[in-house]
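Structure file data_0.txt with compact mmCIF, C-alpha atoms:
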```txt
# COMPACT_ATOMS: atom_id res chain seq x y z
CA MET A 20 42.64 39.28 58.55
CA PHE A 21 41.81 35.91 56.84
CA PRO A 22 38.28 34.94 56.25
CA ARG A 23 36.84 32.43 58.62
CA ARG A 24 36.56 28.78 57.46
CA SER A 25 33.35 27.12 57.95
CA SER A 26 35.03 23.69 58.67
CA PRO A 27 38.44 21.91 58.64
CA GLU A 28 37.35 19.87 55.64
CA ALA A 29 37.19 23.07 53.58
CA VAL A 30 41.00 23.27 53.25
CA SER A 31 42.09 23.32 49.59
CA SER A 32 44.86 24.50 47.28
CA PRO A 33 44.15 27.33 44.80
CA PRO A 34 44.84 25.63 41.44
CA VAL A 35 42.86 22.44 42.01
CA LYS A 36 39.42 22.09 40.60
CA PRO A 37 36.90 19.83 42.23
CA MET A 38 36.47 16.22 40.89
CA LYS A 39 33.31 14.41 40.52
CA SER A 40 34.56 11.06 42.01
CA PRO A 41 37.41 9.58 44.13
CA GLU A 42 38.64 7.58 41.19
CA ALA A 43 40.14 10.71 39.62
CA VAL A 44 43.49 10.30 41.42
CA SER A 45 45.92 13.07 40.49
CA SER A 46 49.35 13.07 38.90
CA PRO A 47 52.75 13.08 40.78
CA PRO A 48 53.01 16.79 41.79
CA VAL A 49 50.47 16.25 44.60
CA LYS A 50 51.61 14.27 47.66
CA PRO A 51 49.15 12.34 49.73
CA ILE A 52 48.21 13.60 53.23
CA GLU A 53 47.76 11.42 56.25
CA SER A 54 44.66 13.16 57.46
CA PRO A 55 42.63 16.20 56.59
CA GLU A 56 43.58 17.90 59.86
CA ALA A 57 47.36 17.78 59.07
CA VAL A 58 47.07 19.78 55.83
CA SER A 59 49.02 23.07 56.13
CA SER A 60 51.18 25.22 54.01
CA PRO A 61 55.02 25.40 54.60
CA PRO A 62 55.08 28.69 56.50
CA VAL A 63 52.76 27.40 59.23
CA LYS A 64 54.48 26.35 62.48
CA PRO A 65 53.17 23.71 64.79
CA MET A 66 50.65 24.72 67.40
CA LYS A 67 50.81 23.93 71.11
CA SER A 68 47.20 23.20 71.05
CA PRO A 69 44.59 22.95 68.43
CA GLU A 70 43.23 26.23 69.53
CA ALA A 71 46.61 28.09 69.27
CA VAL A 72 47.50 27.02 65.76
CA SER A 73 48.39 30.02 63.60
CA SER A 74 51.08 31.29 61.29
CA PRO A 75 53.11 34.48 62.17
CA PRO A 76 50.94 36.80 60.22
CA VAL A 77 47.85 35.01 61.43
CA LYS A 78 46.03 35.95 64.54
CA PRO A 79 44.83 33.41 66.99
CA MET A 80 41.71 31.54 65.98
CA LYS A 81 38.92 30.96 68.25
CA SER A 82 38.65 27.34 67.22
CA PRO A 83 40.63 24.70 65.26
CA GLU A 84 38.04 24.84 62.62
CA SER A 85 39.14 28.35 61.64
CA VAL A 86 42.70 27.26 60.65
CA SER A 87 43.46 27.91 56.97
CA SER A 88 46.36 28.62 54.65
CA PRO A 89 46.70 32.11 53.02
CA LEU A 90 46.10 31.27 49.39
CA VAL A 91 43.98 28.17 49.67
CA LYS A 92 40.44 28.36 48.60
CA PRO A 93 37.93 26.37 50.47
CA MET A 94 37.27 22.76 49.23
CA LYS A 95 34.04 21.07 49.43
CA SER A 96 35.62 17.70 50.50
CA PRO A 97 39.07 16.02 50.85
CA GLU A 98 38.23 13.70 47.96
CA ALA A 99 38.17 16.65 45.57
CA VAL A 100 42.01 17.02 45.56
CA SER A 101 43.44 16.75 41.99
CA SER A 102 46.26 18.04 39.81
CA PRO A 103 45.61 20.57 37.01
CA PRO A 104 46.80 18.55 33.92
CA VAL A 105 44.65 15.51 34.51
CA LYS A 106 41.25 15.40 33.00
CA PRO A 107 38.55 13.54 34.77
CA MET A 108 37.96 9.92 33.57
CA LYS A 109 34.68 8.31 33.32
CA SER A 110 35.94 4.88 34.49
CA PRO A 111 39.23 2.89 34.92
CA GLU A 112 38.22 0.64 32.06
CA ALA A 113 38.31 3.56 29.66
CA VAL A 114 42.10 4.00 29.97
CA SER A 115 43.81 3.48 26.59
CA SER A 116 46.88 4.56 24.73
CA PRO A 117 46.44 7.29 22.07
CA PRO A 118 47.15 5.23 18.90
CA VAL A 119 44.95 2.29 19.87
CA LYS A 120 41.29 2.40 19.13
CA PRO A 121 38.91 0.90 21.61
CA MET A 122 38.02 -2.79 20.99
CA LYS A 123 34.61 -4.20 21.15
CA SER A 124 35.84 -7.41 22.80
CA PRO A 125 39.16 -9.15 23.62
CA GLU A 126 38.41 -11.75 20.97
CA SER A 127 38.53 -9.16 18.22
CA VAL A 128 42.22 -8.30 18.80
CA SER A 129 44.18 -8.84 15.57
CA SER A 130 47.41 -7.66 13.96
CA PRO A 131 47.18 -4.95 11.23
CA LEU A 132 47.99 -7.34 8.34
CA VAL A 133 45.75 -10.19 9.40
CA LYS A 134 42.14 -10.23 8.45
CA PRO A 135 39.65 -11.49 10.96
CA MET A 136 38.84 -15.21 10.62
CA LYS A 137 35.44 -16.71 10.80
CA SER A 138 36.68 -19.66 12.90
CA PRO A 139 40.03 -21.15 14.06
CA GLU A 140 39.53 -24.05 11.67
CA ALA A 141 39.68 -21.69 8.68
CA VAL A 142 43.35 -20.78 9.29
CA SER A 143 45.45 -21.62 6.21
CA SER A 144 48.66 -20.52 4.57
CA PRO A 145 48.33 -18.09 1.59
CA PRO A 146 49.02 -20.54 -1.27
CA VAL A 147 46.71 -23.24 0.04
CA LYS A 148 43.04 -23.18 -0.74
CA PRO A 149 40.60 -23.94 2.03
CA MET A 150 39.74 -27.64 2.38
CA LYS A 151 36.33 -29.08 2.87
CA SER A 152 37.58 -31.48 5.54
CA PRO A 153 40.91 -32.46 7.20
CA GLU A 154 40.85 -35.72 5.28
CA ALA A 155 41.03 -33.83 1.97
CA ALA A 156 44.50 -32.44 2.69
CA SER A 157 46.93 -33.09 -0.14
CA SER A 158 50.20 -31.79 -1.51
CA PRO A 159 50.06 -29.30 -4.46
CA LEU A 160 50.87 -31.96 -7.08
CA VAL A 161 48.50 -34.63 -5.80
CA LYS A 162 44.85 -34.64 -6.68
CA PRO A 163 42.36 -35.21 -3.89
CA MET A 164 41.44 -38.83 -3.29
CA LYS A 165 38.03 -40.25 -2.71
CA SER A 166 39.23 -42.43 0.16
CA PRO A 167 42.51 -43.20 2.02
CA GLU A 168 42.54 -46.64 0.42
CA ALA A 169 42.94 -45.07 -3.03
CA VAL A 170 46.40 -43.69 -2.29
CA SER A 171 48.85 -44.66 -5.02
CA SER A 172 52.08 -43.39 -6.47
CA PRO A 173 51.85 -41.47 -9.80
CA LEU A 174 53.14 -44.40 -11.88
CA VAL A 175 51.15 -47.15 -10.20
CA LYS A 176 47.66 -48.07 -11.27
CA LEU A 177 44.97 -48.67 -8.73
CA MET A 178 44.55 -52.28 -7.62
CA LYS A 179 41.30 -53.94 -6.80
CA SER A 180 42.79 -55.72 -3.79
CA PRO A 181 46.22 -56.26 -2.14
CA GLU A 182 46.13 -59.87 -3.28
CA ALA A 183 46.25 -58.74 -6.91
CA VAL A 184 49.76 -57.31 -6.58
CA SER A 185 52.09 -59.05 -9.01
CA SER A 186 55.11 -58.35 -11.14
CA PRO A 187 54.30 -57.68 -14.82
CA PRO A 188 55.11 -61.12 -16.25
CA VAL A 189 53.40 -63.06 -13.43
CA LYS A 190 49.68 -63.74 -13.49
CA PRO A 191 47.77 -63.48 -10.21
CA MET A 192 47.36 -66.71 -8.26
CA LYS A 193 44.15 -67.92 -6.70
CA SER A 194 45.86 -69.00 -3.49
CA PRO A 195 49.38 -69.81 -2.17
CA GLU A 196 48.40 -73.48 -2.02
CA ALA A 197 47.70 -73.52 -5.75
CA VAL A 198 51.31 -72.81 -6.74
CA SER A 199 52.45 -75.69 -8.98
CA SER A 200 50.22 -78.07 -7.01
CA PRO A 201 48.12 -80.56 -9.00
CA PRO A 202 44.40 -80.87 -8.34
CA VAL A 203 43.54 -83.30 -5.58
CA LYS A 204 42.45 -86.69 -6.89
CA PRO A 205 40.77 -89.19 -4.58
CA LEU A 206 41.61 -92.87 -4.80
CA LEU A 207 38.90 -95.00 -6.39
CA ASP A 208 37.17 -97.54 -4.20
CA GLU A 209 37.36 -100.00 -7.09
CA PRO A 210 40.32 -99.55 -9.49
CA ARG A 211 39.43 -100.28 -13.10
CA LEU A 212 41.39 -102.27 -15.71
CA VAL A 213 41.58 -100.13 -18.87
CA ALA A 214 43.80 -102.11 -21.25
CA THR A 215 45.98 -105.20 -21.51
CA ILE A 216 49.07 -105.24 -23.78
CA ASP A 217 50.80 -108.43 -24.93
CA THR A 218 54.50 -107.49 -25.23
CA GLY A 219 55.91 -110.65 -26.81
CA HIS A 220 58.77 -110.88 -24.28
CA GLU A 221 59.60 -114.24 -22.70
CA LYS A 222 59.69 -112.72 -19.23
CA LEU A 223 58.77 -109.07 -18.66
CA ARG A 224 60.77 -107.07 -16.14
CA THR A 225 60.29 -103.37 -16.70
CA VAL A 226 57.84 -100.87 -18.17
CA SER A 227 58.31 -97.12 -18.69
CA CYS A 228 55.81 -94.52 -20.02
CA PRO A 229 56.89 -91.78 -22.44
CA ASP A 230 53.19 -90.76 -22.69
CA GLU A 231 49.73 -92.16 -21.98
CA GLU A 232 49.45 -94.00 -25.34
CA LYS A 233 52.78 -95.86 -25.53
CA VAL A 234 55.10 -97.86 -23.29
CA TRP A 235 58.75 -98.96 -23.38
CA THR A 236 59.29 -102.58 -22.26
CA CYS A 237 62.22 -104.92 -21.68
CA GLY A 238 62.62 -108.53 -20.54
CA ASP A 239 65.04 -111.42 -20.66
CA ASN A 240 66.53 -110.58 -24.08
CA GLU A 241 68.54 -107.79 -25.68
CA ILE A 242 65.55 -106.05 -27.35
CA ILE A 243 63.87 -102.96 -25.91
CA LYS A 244 60.42 -102.40 -27.44
CA LEU A 245 58.16 -99.35 -27.80
CA LEU A 246 54.50 -100.48 -28.04
CA ASP A 247 51.14 -98.74 -28.29
CA LEU A 248 48.11 -99.72 -26.20
CA GLN A 249 47.01 -102.25 -28.82
CA GLY A 250 50.36 -104.03 -28.65
CA ASN A 251 51.64 -102.72 -31.98
CA LEU A 252 55.41 -102.36 -32.19
CA ARG A 253 56.39 -98.74 -32.85
CA THR A 254 60.14 -99.12 -32.62
CA SER A 255 62.79 -101.30 -31.02
CA ILE A 256 66.40 -100.89 -29.88
CA GLN A 257 69.01 -103.62 -29.43
CA THR A 258 71.49 -103.18 -26.61
CA LYS A 259 75.01 -102.31 -27.74
CA SER A 260 76.60 -105.12 -25.70
CA GLY A 261 74.09 -107.70 -26.88
CA THR A 262 73.16 -108.53 -23.27
CA TRP A 263 69.70 -108.03 -21.80
CA PRO A 264 68.99 -104.72 -20.04
CA ARG A 265 68.34 -104.67 -16.32
CA ASP A 266 66.16 -101.56 -16.29
CA ILE A 267 64.93 -98.69 -18.51
CA ALA A 268 63.68 -95.13 -17.96
CA VAL A 269 62.67 -92.19 -20.15
CA THR A 270 63.76 -88.61 -19.40
CA ARG A 271 61.42 -85.66 -19.88
CA ASP A 272 63.55 -84.60 -22.85
CA GLY A 273 62.83 -87.89 -24.63
CA TYR A 274 66.05 -89.75 -23.88
CA LEU A 275 65.93 -93.46 -23.14
CA VAL A 276 68.27 -94.55 -20.37
CA TYR A 277 69.04 -98.22 -19.75
CA THR A 278 71.48 -100.18 -17.60
CA CYS A 279 73.30 -103.31 -18.77
CA THR A 280 74.83 -106.37 -17.17
CA ASP A 281 78.23 -105.39 -18.57
CA SER A 282 78.49 -102.63 -15.92
CA THR A 283 77.59 -99.81 -18.35
CA ILE A 284 74.88 -97.17 -18.35
CA HIS A 285 73.68 -96.13 -21.81
CA VAL A 286 71.90 -92.87 -22.62
CA ILE A 287 70.21 -92.97 -26.03
CA LEU A 288 68.39 -90.31 -28.02
CA VAL A 289 65.46 -92.35 -29.24
CA LYS A 290 64.62 -90.25 -32.32
CA ASN A 291 67.74 -91.29 -34.23
CA LYS A 292 68.81 -94.22 -32.03
CA GLN A 293 72.24 -92.66 -31.58
CA ILE A 294 74.04 -93.37 -28.29
CA GLN A 295 74.88 -89.99 -26.75
CA ASN A 296 76.70 -91.00 -23.57
CA VAL A 297 78.01 -94.23 -22.13
CA ILE A 298 78.90 -94.30 -18.43
CA THR A 299 81.13 -97.14 -17.31
CA GLN A 300 81.42 -97.94 -13.63
CA HIS A 301 84.60 -99.63 -12.38
CA GLY A 302 84.15 -101.85 -9.36
CA TRP A 303 80.37 -101.23 -9.33
CA SER A 304 77.52 -102.79 -11.26
CA PRO A 305 74.46 -100.60 -12.10
CA PHE A 306 71.05 -102.19 -11.61
CA ASN A 307 67.92 -100.02 -11.63
CA VAL A 308 67.42 -96.47 -12.89
CA CYS A 309 64.85 -93.67 -12.75
CA THR A 310 64.73 -90.13 -14.11
CA THR A 311 64.42 -87.01 -11.91
CA SER A 312 62.47 -83.77 -12.09
CA SER A 313 65.73 -81.86 -12.64
CA GLY A 314 66.46 -83.76 -15.86
CA GLY A 315 69.08 -86.13 -14.46
CA PHE A 316 68.72 -89.72 -13.29
CA LEU A 317 69.32 -91.93 -10.26
CA VAL A 318 70.95 -95.38 -10.38
CA THR A 319 71.13 -98.15 -7.76
CA MET A 320 74.49 -99.96 -7.73
CA GLU A 321 76.10 -103.02 -6.18
CA SER A 322 79.83 -103.40 -5.55
CA SER A 323 81.67 -106.16 -7.41
CA ASP A 324 82.47 -107.92 -4.13
CA LEU A 325 78.77 -107.82 -3.16
CA CYS A 326 79.59 -106.03 0.09
CA HIS A 327 78.11 -102.57 -0.59
CA SER A 328 75.07 -100.91 -2.13
CA LYS A 329 74.52 -97.25 -2.98
CA VAL A 330 72.46 -94.76 -4.98
CA VAL A 331 74.22 -92.39 -7.38
CA ARG A 332 72.77 -89.21 -8.87
CA TYR A 333 73.87 -88.15 -12.36
CA SER A 334 73.53 -84.92 -14.27
CA ASP A 335 74.27 -85.86 -17.88
CA SER A 336 77.26 -88.14 -17.42
CA THR A 337 78.58 -86.43 -14.27
CA GLU A 338 78.16 -88.03 -10.84
CA THR A 339 76.79 -85.35 -8.47
CA GLN A 340 75.68 -87.28 -5.35
CA THR A 341 76.19 -90.62 -3.60
CA ILE A 342 73.78 -91.98 -0.97
CA GLN A 343 75.04 -94.97 0.98
CA PHE A 344 75.04 -94.51 4.80
CA ASP A 345 72.72 -93.10 7.44
CA ASP A 346 73.66 -90.47 10.08
CA GLU A 347 75.27 -93.14 12.30
CA GLY A 348 77.37 -94.58 9.49
CA ARG A 349 75.27 -97.71 8.99
CA PRO A 350 74.43 -98.88 5.45
CA LEU A 351 71.07 -97.67 4.18
CA TYR A 352 70.77 -100.53 1.68
CA SER A 353 71.53 -104.21 2.17
CA PRO A 354 74.45 -105.55 0.09
CA ASP A 355 73.03 -108.24 -2.19
CA TYR A 356 73.19 -108.88 -5.87
CA SER A 357 69.51 -108.26 -6.59
CA TYR A 358 67.13 -105.75 -8.11
CA LYS A 359 66.64 -102.46 -6.30
CA TYR A 360 63.96 -100.57 -8.20
CA ILE A 361 64.04 -96.82 -7.58
CA SER A 362 61.76 -93.78 -8.01
CA GLU A 363 61.89 -90.07 -7.15
CA ASN A 364 58.74 -88.77 -5.48
CA ARG A 365 57.13 -85.41 -6.21
CA ASN A 366 58.48 -84.06 -2.90
CA LEU A 367 61.98 -85.13 -4.09
CA ASP A 368 62.21 -88.09 -1.71
CA ILE A 369 64.13 -91.07 -3.11
CA CYS A 370 62.29 -94.39 -2.78
CA VAL A 371 64.19 -97.67 -3.16
CA VAL A 372 62.84 -101.24 -3.03
CA GLU A 373 65.01 -103.90 -1.40
CA LYS A 374 63.69 -107.17 -2.77
CA THR A 375 65.81 -109.44 -0.57
CA ALA A 376 65.32 -107.36 2.59
CA ARG A 377 61.57 -107.09 1.78
CA ALA A 378 61.39 -103.37 2.52
CA VAL A 379 60.89 -99.98 0.93
CA VAL A 380 63.59 -97.50 2.04
CA VAL A 381 62.79 -93.80 1.67
CA VAL A 382 65.35 -90.98 2.11
CA ASN A 383 64.98 -87.27 1.49
CA GLN A 384 66.74 -85.31 -1.24
CA SER A 385 69.85 -84.99 0.91
CA GLY A 386 70.00 -88.74 1.57
CA LYS A 387 68.72 -88.68 5.16
CA LEU A 388 66.57 -91.67 6.12
CA ARG A 389 62.86 -90.86 6.49
CA PHE A 390 61.25 -94.27 6.97
CA ARG A 391 61.15 -97.94 6.03
CA TYR A 392 58.00 -99.75 4.96
CA THR A 393 57.88 -103.52 5.46
CA GLY A 394 54.32 -104.28 4.43
CA HIS A 395 50.84 -104.29 5.90
CA PRO A 396 49.41 -107.40 7.59
CA SER A 397 45.84 -107.09 6.33
CA ASN A 398 44.61 -109.09 3.32
CA THR A 399 47.96 -110.67 2.49
CA GLU A 400 48.43 -114.41 2.17
CA GLN A 401 52.23 -114.41 2.16
CA SER A 402 54.98 -112.12 3.43
CA PHE A 403 55.60 -108.79 1.71
CA LYS A 404 57.91 -109.08 -1.32
CA PRO A 405 58.19 -105.71 -3.13
CA VAL A 406 59.72 -105.42 -6.60
CA GLY A 407 58.76 -102.45 -8.76
CA ILE A 408 58.07 -98.96 -7.38
CA THR A 409 56.69 -95.65 -8.71
CA THR A 410 55.08 -92.39 -7.51
CA ASP A 411 52.23 -90.20 -8.78
CA SER A 412 51.11 -86.56 -8.87
CA GLN A 413 49.68 -86.81 -5.33
CA SER A 414 53.04 -88.00 -3.94
CA HIS A 415 51.62 -91.47 -3.37
CA ILE A 416 54.14 -94.31 -3.30
CA LEU A 417 53.06 -97.45 -5.19
CA THR A 418 54.97 -100.71 -4.95
CA ALA A 419 54.32 -104.09 -6.56
CA ASP A 420 54.01 -107.08 -4.21
CA SER A 421 54.89 -110.04 -6.49
CA THR A 422 54.04 -112.86 -4.05
CA ASN A 423 50.63 -111.46 -3.08
CA ASN A 424 49.75 -110.25 -6.61
CA CYS A 425 48.75 -106.76 -5.54
CA ILE A 426 49.89 -103.14 -5.41
CA HIS A 427 50.42 -101.33 -2.09
CA ILE A 428 49.58 -97.60 -2.07
CA LEU A 429 51.21 -95.44 0.63
CA ASP A 430 51.15 -91.72 1.32
CA GLN A 431 54.39 -89.75 1.12
CA ASP A 432 55.08 -90.40 4.81
CA GLY A 433 54.82 -94.20 4.50
CA GLN A 434 51.30 -94.64 5.85
CA PHE A 435 49.42 -97.49 4.19
CA LEU A 436 46.32 -96.36 2.29
CA CYS A 437 44.97 -99.31 0.30
CA TYR A 438 45.66 -102.21 -2.09
CA ILE A 439 45.00 -102.65 -5.78
CA GLU A 440 44.11 -106.34 -5.91
CA ASN A 441 40.99 -106.63 -8.08
CA CYS A 442 42.55 -106.49 -11.56
CA GLU A 443 43.68 -110.13 -11.77
CA LEU A 444 47.34 -109.27 -11.43
CA ASP A 445 49.84 -112.10 -11.96
CA THR A 446 53.39 -111.67 -10.58
CA PRO A 447 53.44 -107.85 -10.85
CA TRP A 448 57.03 -106.68 -11.37
CA GLY A 449 58.01 -103.34 -12.84
CA ILE A 450 55.44 -100.50 -12.63
CA CYS A 451 55.13 -96.87 -13.80
CA VAL A 452 52.58 -94.02 -13.86
CA ASP A 453 51.90 -91.75 -16.85
CA ILE A 454 51.22 -88.01 -16.81
CA ARG A 455 47.49 -88.63 -16.15
CA ASP A 456 48.13 -90.95 -13.22
CA ASN A 457 47.27 -94.14 -15.08
CA LEU A 458 49.14 -97.12 -13.64
CA PHE A 459 51.00 -99.56 -15.92
CA VAL A 460 51.95 -102.93 -14.40
CA ALA A 461 54.40 -105.35 -16.03
CA GLU A 462 53.53 -108.96 -15.22
CA ASN A 463 56.69 -111.04 -15.11
CA LEU A 464 55.39 -114.49 -16.02
CA THR A 465 52.63 -113.54 -18.49
CA ALA A 466 54.78 -110.83 -20.16
CA LYS A 467 51.72 -108.57 -20.31
CA VAL A 468 51.32 -104.90 -19.38
CA LYS A 469 48.07 -103.86 -17.69
CA LYS A 470 46.83 -100.27 -17.67
CA ILE A 471 44.82 -99.52 -14.52
CA GLN A 472 42.84 -96.44 -13.50
CA TYR A 473 42.97 -96.05 -9.71
CA MET A 474 42.26 -92.31 -9.22
```
Rewrite the structure from the file as structure tokens, please.
Amino acid sequence: MFPRRSSPEAVSSPPVKPMKSPEAVSSPPVKPIESPEAVSSPPVKPMKSPEAVSSPPVKPMKSPESVSSPLVKPMKSPEAVSSPPVKPMKSPEAVSSPPVKPMKSPESVSSPLVKPMKSPEAVSSPPVKPMKSPEAASSPLVKPMKSPEAVSSPLVKLMKSPEAVSSPPVKPMKSPEAVSSPPVKPLLDEPRLVATIDTGHEKLRTVSCPDEEKVWTCGDNEIIKLLDLQGNLRTSIQTKSGTWPRDIAVTRDGYLVYTCTDSTIHVILVKNKQIQNVITQHGWSPFNVCTTSSGGFLVTMESSDLCHSKVVRYSDSTETQTIQFDDEGRPLYSPDYSYKYISENRNLDICVVEKTARAVVVVNQSGKLRFRYTGHPSNTEQSFKPVGITTDSQSHILTADSTNNCIHILDQDGQFLCYIENCELDTPWGICVDIRDNLFVAENLTAKVKKIQYM
């Protein structure tokens, strides 16, 4: 005879101890049951009715509530089912593996070899010391810099400004415009006559300035004279052919160059009056000459048949360039047997006066025509008749107008600027400018040289 159960919920298995809460779910040996009423041990057969349920050795029960298995002790509730090896847990959050100690917070998780960091910004590799700020980062061999602008290679000294960068032998420049450019000099409203030199020539044609205190002069005889500002003769040279020279010029190396009517060009070292080179032109007659910034000289020439004119560039005694035609094959210079004074401007333009054509023809260094100047209508009594020509440090072009007794001053592009007409000029012919931009004017009929300050 089995003891009577007080209720169906009291069904339980012998080895299971009661649990305090439903969260203490058991281990695999215990299978779940669909409902408390279906719990029965294997030897129990199904019952026809709830009242008839009983196992073979069990006698009929008076009510379904009295059904029970032989060895099962009564349970207080269905939730108390549990397996023997599982200990009760206080909460699901307390589950942890044996070797891991509980953590105070997820943020404190760290690997065994890594020490906790105060902040993510403090992370650094072992050999690098912590930096005060991200800007202070530097490689091991480089010392920290005060500012990003102070960055420099180990062998380079700090510079005060990018403009001060220069190669060792070059001194810093104030500005790109200052490179080899002379200071700007304004033209005087009233040019001033500084000196008058009596040359002693019968007719004066040409003047050339080796410096600001002396001038070379030549006229209608075979003597070339070097005079000071007081008119004292310093030295003189007689032409080799005995004929009068057409033009003279002085190179920057101190050589005197002159052209002769016998179709020769003479280059003379003035110090010992020895003729260094003689250039003879066949079929051409040299007229006027000027020296160049490169150390050579330019010569205007006329053909023996009077049909052609050209400009020839020389380096020593070697012809290096001929300028004769424009881009359309037309002659740049009119063919006539007359003076064609010539000058190289500071911008390397070549300026030639055509006395008969009454024009100034300007070409660039390559021989390409830039412009022609045929005079300015204001304040002139007669038509423009240019003779001598020169240029100054400001790239001005100055030309002597012999019929109007004045000097025309143009800019380097041929624009008229002003006249010099207040110095009592008389038939101005050859002209030149010294290194200080003083103008020397050779008067043809009076045979005097006038020194004029115009800037």
Practice problem: Could you jot down the CA of Gly302 in chain A to CA of Thr339 in chain A separation for me, Å, one decimal place? | Solution: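 Going from CA of Gly302 in chain A over to CA of Thr339 in chain A, I get 18.1 Å.
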Quiz item: Hey, which of A:Leu275, A:Asn366, A:Lys470, A:Ile242 ends up closest to Gly261 in chain A? Count all atoms listed in the file.
Solution: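 Using all atoms listed in the file, the shortest distance to Gly261 in chain A belongs to A:Ile242.
Residues surrounding range 213-215 of chain A within 6 Å are Val468, Lys469, Lys470 and Ile471 of chain A [all atoms listed in the file; sequence separation below 4 positions excluded].
The residue that comes closest to Asp445 in chain A, out of A:Leu223, A:Thr375, A:Phe403, A:Phe316 and on the basis of all atoms listed in the file, is A:Leu223.
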Self-check item: Proximity to Ile439 in chain A - best of A:Thr225, A:Ser412, A:Leu464, A:Met474, all atoms listed in the file
Solution: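 Using all atoms listed in the file, Ile439 in chain A sits closest to A:Met474.
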As an mmCIF file with C-alpha atoms, keeping the file's coordinate frame, please: the residues near Val372 in chain A (cut-off 7 Å, all atoms listed in the file, same-chain neighbours under 6 positions excluded).
```
data_model
loop_
_atom_site.group_PDB
_atom_site.id
_atom_site.type_symbol
_atom_site.label_atom_id
_atom_site.label_comp_id
_atom_site.auth_asym_id
_atom_site.auth_seq_id
_atom_site.Cartn_x
_atom_site.Cartn_y
_atom_site.Cartn_z
ATOM 1 C CA LYS A 359 66.640 -102.460 -6.300
ATOM 2 C CA TYR A 360 63.960 -100.570 -8.200
ATOM 3 C CA ILE A 361 64.040 -96.820 -7.580
ATOM 4 C CA ALA A 378 61.390 -103.370 2.520
ATOM 5 C CA VAL A 379 60.890 -99.980 0.930
ATOM 6 C CA VAL A 380 63.590 -97.500 2.040
ATOM 7 C CA PRO A 405 58.190 -105.710 -3.130
ATOM 8 C CA VAL A 406 59.720 -105.420 -6.600
ATOM 9 C CA ILE A 408 58.070 -98.960 -7.380
#
```
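Counting only C-alpha atoms, the residue from A:Val203, A:Cys228, A:Leu388, A:Cys279 that sits nearest to Leu458 in chain A is A:Cys228.
Minimum atom-to-atom distances from A:Phe435, A:Tyr392, A:Trp263, A:Tyr358 to Trp448 in chain A were compared using all atoms listed in the file, and the lowest value belongs to A:Tyr358.
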Quiz item: Which is closer to Val226 in chain A than all the others in A:Thr319, A:Leu436, A:Arg265, A:Ile287, using all atoms listed in the file?
Solution: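 Nearest to Val226 in chain A: A:Arg265.
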Quiz prompt | Distance in Å - CA of Ile243 in chain A versus CA of Ile256 in chain A | solution = 5.1 Å
Practice problem: Grab the CA of Gly449 in chain A to CA of Thr410 in chain A distance for me, in Å with one decimal place. | Solution: 12.5 Å
